[in-house]
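Structure first, commentary second.
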Amino acid sequence: MDEKIKSMVDKISWLGHASFKITAGKTIYIDPWKLPDGMGGDGDIVLVTHDHYDHCSPKDVEQALAPSGKLVVAECCRAMLPKADMYILPYMKFTVSDIEIYATAAYNINKKYHLHEYGHLGFIITLDGITIYNTGDTDAFAHMADLTCDIVILPVSGTYVMDPSEAVDACNMLSPKVAIPMHWGDPDVVGTLADAERFAKIAPCETVILKPVR
């Protein structure tokens, strides 16, 4: 693995399921959920991909945010998070706290849990010249062939999102240097370590299975 990419992977903490914390100059939380006591209060930016309970948790968002932190959420989260700093729709490019972010769509192709018209998001974040794409809850979709990233964080559990083989399809379109599987490991939601390991065996790129920090 390229040393610069490895350094960035080391700054990504998996908080379980689909919740992440990135510490690279700024501290960024994505979909904070079930944060342990004592974590949080340092989020310069908190991003929320969509309004499902295991991604949009007002309690955890409040816990994650720093006093001067910025809350950036999908438009569909407006009712649950009425005090956000920004409401985002798919295909918007924006800068928050000097960090460049592109909001992609996130939707199902052959399921009905995350329809395109719901406005669910993924985020491509540029940090120190490295692009990190958290796909959100999604299937592999054709527009991914138009996107590029160095590190992709993508679901592998199936049922509501991509399964391991479909996640491989996404990686084939995105051509990342590294993939990090998510949407597994929480007893209240579908997805197991076996799903992450199956993906790692068949992925077309290097894969890092993170241990949860909870």
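For the structure tokens, the naming scheme is as follows: chains receive sequential letters (A, B, ...) according to their order of presentation, residues are indexed from 1 within each chain, and ligands are indexed from 1 in presentation order.
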
Set the distance at 8 Å and use only C-alpha atoms: which residues neighbour Met144 in chain A once local chain neighbours fewer than 6 positions away are removed? I'd like the list as a list in words. Ala170, Met173 and Leu174 of chain A

Could you make a table, as a Markdown table, of the residues of range 37-124 of chain A that have an atom within 12 Å of an atom of range 24-29 of chain A, each with its nearest atom pair and distance in Å to one decimal, counting only C-alpha atoms, in chain and number order?
| residue | atom | partner | partner_atom | distance |
| --- | --- | --- | --- | --- |
| A:Met39 | CA | A:Tyr29 | CA | 11.2 |
| A:Gly40 | CA | A:Tyr29 | CA | 9.0 |
| A:Gly41 | CA | A:Thr27 | CA | 10.1 |
| A:Asp42 | CA | A:Thr27 | CA | 6.7 |
| A:Gly43 | CA | A:Thr27 | CA | 5.2 |
| A:Asp44 | CA | A:Thr27 | CA | 5.2 |
| A:Ile45 | CA | A:Ile28 | CA | 4.8 |
| A:Val46 | CA | A:Tyr29 | CA | 4.7 |
| A:Leu47 | CA | A:Tyr29 | CA | 6.1 |
| A:Val48 | CA | A:Tyr29 | CA | 8.5 |
| A:Thr49 | CA | A:Tyr29 | CA | 11.0 |
| A:His55 | CA | A:Tyr29 | CA | 11.2 |
| A:Cys56 | CA | A:Tyr29 | CA | 11.8 |
| A:Asp60 | CA | A:Tyr29 | CA | 10.2 |
| A:Val61 | CA | A:Tyr29 | CA | 8.6 |
| A:Glu62 | CA | A:Tyr29 | CA | 11.3 |
| A:Gln63 | CA | A:Tyr29 | CA | 10.7 |
| A:Ala64 | CA | A:Tyr29 | CA | 7.1 |
| A:Leu65 | CA | A:Tyr29 | CA | 8.4 |
| A:Ala66 | CA | A:Thr27 | CA | 9.3 |
| A:Ser68 | CA | A:Thr27 | CA | 11.9 |
| A:Gly69 | CA | A:Thr27 | CA | 9.3 |
| A:Lys70 | CA | A:Ile28 | CA | 9.6 |
| A:Leu71 | CA | A:Tyr29 | CA | 9.6 |
| A:Val72 | CA | A:Tyr29 | CA | 10.3 |
| A:Val73 | CA | A:Tyr29 | CA | 11.5 |
| A:Val96 | CA | A:Lys26 | CA | 10.6 |
| A:Ser97 | CA | A:Lys26 | CA | 8.2 |
| A:Asp98 | CA | A:Lys26 | CA | 9.2 |
| A:Ile99 | CA | A:Lys26 | CA | 8.4 |
| A:Glu100 | CA | A:Lys26 | CA | 11.9 |
| A:Ile101 | CA | A:Ile28 | CA | 11.6 |
| A:Phe123 | CA | A:Tyr29 | CA | 11.6 |

Would you output that residue set with C-alpha atoms, as a CSV table (one decimal), in the first residue's frame?
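Written file, part.csv:
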chain,number,residue,atom,x,y,z
A,39,MET,CA,-16.4,10.0,22.7
A,40,GLY,CA,-17.4,13.0,20.7
A,41,GLY,CA,-17.5,16.8,21.4
A,42,ASP,CA,-14.6,17.1,18.8
A,43,GLY,CA,-16.4,16.9,15.5
A,44,ASP,CA,-15.4,19.8,13.3
A,45,ILE,CA,-17.8,18.3,10.7
A,46,VAL,CA,-20.6,15.8,11.1
A,47,LEU,CA,-22.0,14.3,7.9
A,48,VAL,CA,-25.3,12.3,7.8
A,49,THR,CA,-26.1,10.3,4.7
A,55,HIS,CA,-27.5,6.5,10.3
A,56,CYS,CA,-29.4,9.6,11.5
A,60,ASP,CA,-25.3,10.9,18.6
A,61,VAL,CA,-25.0,13.8,16.3
A,62,GLU,CA,-25.2,16.2,19.2
A,63,GLN,CA,-22.6,14.1,21.1
A,64,ALA,CA,-20.2,14.1,18.2
A,65,LEU,CA,-20.3,17.8,17.3
A,66,ALA,CA,-17.7,20.2,18.7
A,68,SER,CA,-18.2,25.2,16.7
A,69,GLY,CA,-18.7,22.1,14.5
A,70,LYS,CA,-20.7,22.1,11.3
A,71,LEU,CA,-23.5,19.7,10.7
A,72,VAL,CA,-24.1,18.8,7.1
A,73,VAL,CA,-26.9,16.3,6.3
A,96,VAL,CA,-17.2,23.2,4.7
A,97,SER,CA,-14.5,24.2,7.1
A,98,ASP,CA,-12.1,24.3,4.1
A,99,ILE,CA,-12.8,20.6,3.3
A,100,GLU,CA,-14.0,19.9,-0.2
A,101,ILE,CA,-16.9,17.4,-0.4
A,123,PHE,CA,-19.8,11.6,0.4

For range 138-140 of chain A: contacts at 8 Å, only C-alpha atoms, fewer than 2 positions along chain excluded, given as number ranges by chain: A: 106-109, 114, 135-136, 142, 144, 155, 160-162, 166-167, 169-170

Can you pull out every residue within 8 Å of Val156 in chain A, counting only C-alpha atoms, but drop anything in the same chain fewer than 2 positions away, and send it as a PyMOL selection string? chain A and resi 154+158+161-164+166-167+181-184+191+195-196+199

Based on the backbone DSSP call, show me all residues of range 149-182 of chain A assigned strand (DSSP E), as number ranges by chain. A: 151-155, 178-182

Generate a file of the selected residues that holds N, CA and C atoms, formatted as a compact mmCIF listing (two decimals), in the first residue's frame.
# COMPACT_ATOMS: atom_id res chain seq x y z
N ILE A 151 -9.71 5.80 -1.54
CA ILE A 151 -10.20 4.89 -0.50
C ILE A 151 -11.73 4.86 -0.60
N VAL A 152 -12.30 3.68 -0.67
CA VAL A 152 -13.75 3.57 -0.67
C VAL A 152 -14.21 2.83 0.59
N ILE A 153 -15.23 3.36 1.22
CA ILE A 153 -15.88 2.71 2.36
C ILE A 153 -17.27 2.32 1.87
N LEU A 154 -17.55 1.01 1.83
CA LEU A 154 -18.79 0.58 1.18
C LEU A 154 -19.44 -0.58 1.90
N PRO A 155 -20.77 -0.69 1.83
CA PRO A 155 -21.47 -1.76 2.53
C PRO A 155 -21.28 -3.10 1.85
N VAL A 178 -7.75 1.24 -2.01
CA VAL A 178 -8.10 0.48 -0.80
C VAL A 178 -9.61 0.51 -0.61
N ALA A 179 -10.16 -0.60 -0.15
CA ALA A 179 -11.58 -0.67 0.19
C ALA A 179 -11.73 -1.05 1.66
N ILE A 180 -12.68 -0.40 2.32
CA ILE A 180 -13.00 -0.70 3.72
C ILE A 180 -14.46 -1.11 3.78
N PRO A 181 -14.76 -2.36 4.14
CA PRO A 181 -16.16 -2.80 4.21
C PRO A 181 -16.87 -2.26 5.45
N MET A 182 -18.14 -1.92 5.28
CA MET A 182 -18.95 -1.45 6.41
C MET A 182 -20.33 -2.10 6.33

Leaving out His52 in chain A and any residue of its chain fewer than 5 positions from it, which residues lie within 10 Å of it when counting only C-alpha atoms, given as an MDAnalysis selection string? chainID A and resid 31 57 76:77 113:114 120 137

Selected residues, C-alpha atoms, written as a CSV table (one decimal), in the first residue's frame, please.
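Now in selection_28.csv:
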chain,number,residue,atom,x,y,z
A,31,ASP,CA,-23.4,8.8,10.5
A,57,SER,CA,-29.3,9.7,15.3
A,76,CYS,CA,-34.3,14.0,3.9
A,77,CYS,CA,-32.9,14.5,7.4
A,113,TYR,CA,-35.2,0.4,0.9
A,114,HIS,CA,-33.2,3.3,-0.5
A,120,HIS,CA,-29.9,9.6,0.2
A,137,ASP,CA,-26.3,2.8,2.0

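The coordinates place CA of Ile88 in chain A at 5.2 Å from CA of Glu75 in chain A.
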
Could you check which of A:Ala79, A:Met8, A:Leu121, A:Val190 is closest to Ser157 in chain A, using only C-alpha atoms? A:Val190

To test your reading of the structure, identify every residue in range 8-152 of chain A that backbone DSSP assigns to helix (DSSP H, G or I), and report it as a PyMOL selection string. chain A and resi 8-9+58-64+75-77+116-118+142-146

Export of the given selection (C-alpha atoms) as a tab-separated table (two decimals), in the first residue's frame:
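Written file, part-v4.tsv:
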chain	number	residue	atom	x	y	z
A	8	MET	CA	-4.85	8.16	5.68
A	9	VAL	CA	-6.32	4.71	6.36
A	58	PRO	CA	-29.92	13.16	16.76
A	59	LYS	CA	-28.52	12.10	20.13
A	60	ASP	CA	-25.25	10.87	18.63
A	61	VAL	CA	-24.97	13.84	16.27
A	62	GLU	CA	-25.21	16.19	19.24
A	63	GLN	CA	-22.64	14.10	21.13
A	64	ALA	CA	-20.22	14.11	18.17
A	75	GLU	CA	-32.15	17.03	2.81
A	76	CYS	CA	-34.27	14.05	3.85
A	77	CYS	CA	-32.93	14.48	7.41
A	116	HIS	CA	-33.24	7.25	-5.80
A	117	GLU	CA	-36.03	9.76	-5.20
A	118	TYR	CA	-35.40	9.67	-1.44
A	142	ALA	CA	-23.70	2.89	-13.23
A	143	HIS	CA	-22.65	6.45	-12.29
A	144	MET	CA	-19.87	4.99	-10.13
A	145	ALA	CA	-17.95	4.48	-13.37
A	146	ASP	CA	-17.71	8.29	-13.56

Tell me which protein, DNA and RNA residues are within 12 Å of Gly16 in chain A, counting only C-alpha atoms, leaving out same-chain ones fewer than 5 positions away, and put them as a PyMOL selection string. chain A and resi 21+30-36+54-55+181-189+191-193+209-214

So which one's closest to Ile130 in chain A, A:Ser19, A:Thr95, A:Thr148, A:Asn172? Using only C-alpha atoms, please. A:Thr148

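Of note, CA of Ser175 in chain A and CA of Cys149 in chain A are spaced 7.3 Å apart.
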
Quick one, how far is CA of Ile125 in chain A from CA of Asn110 in chain A? 27.3 Å
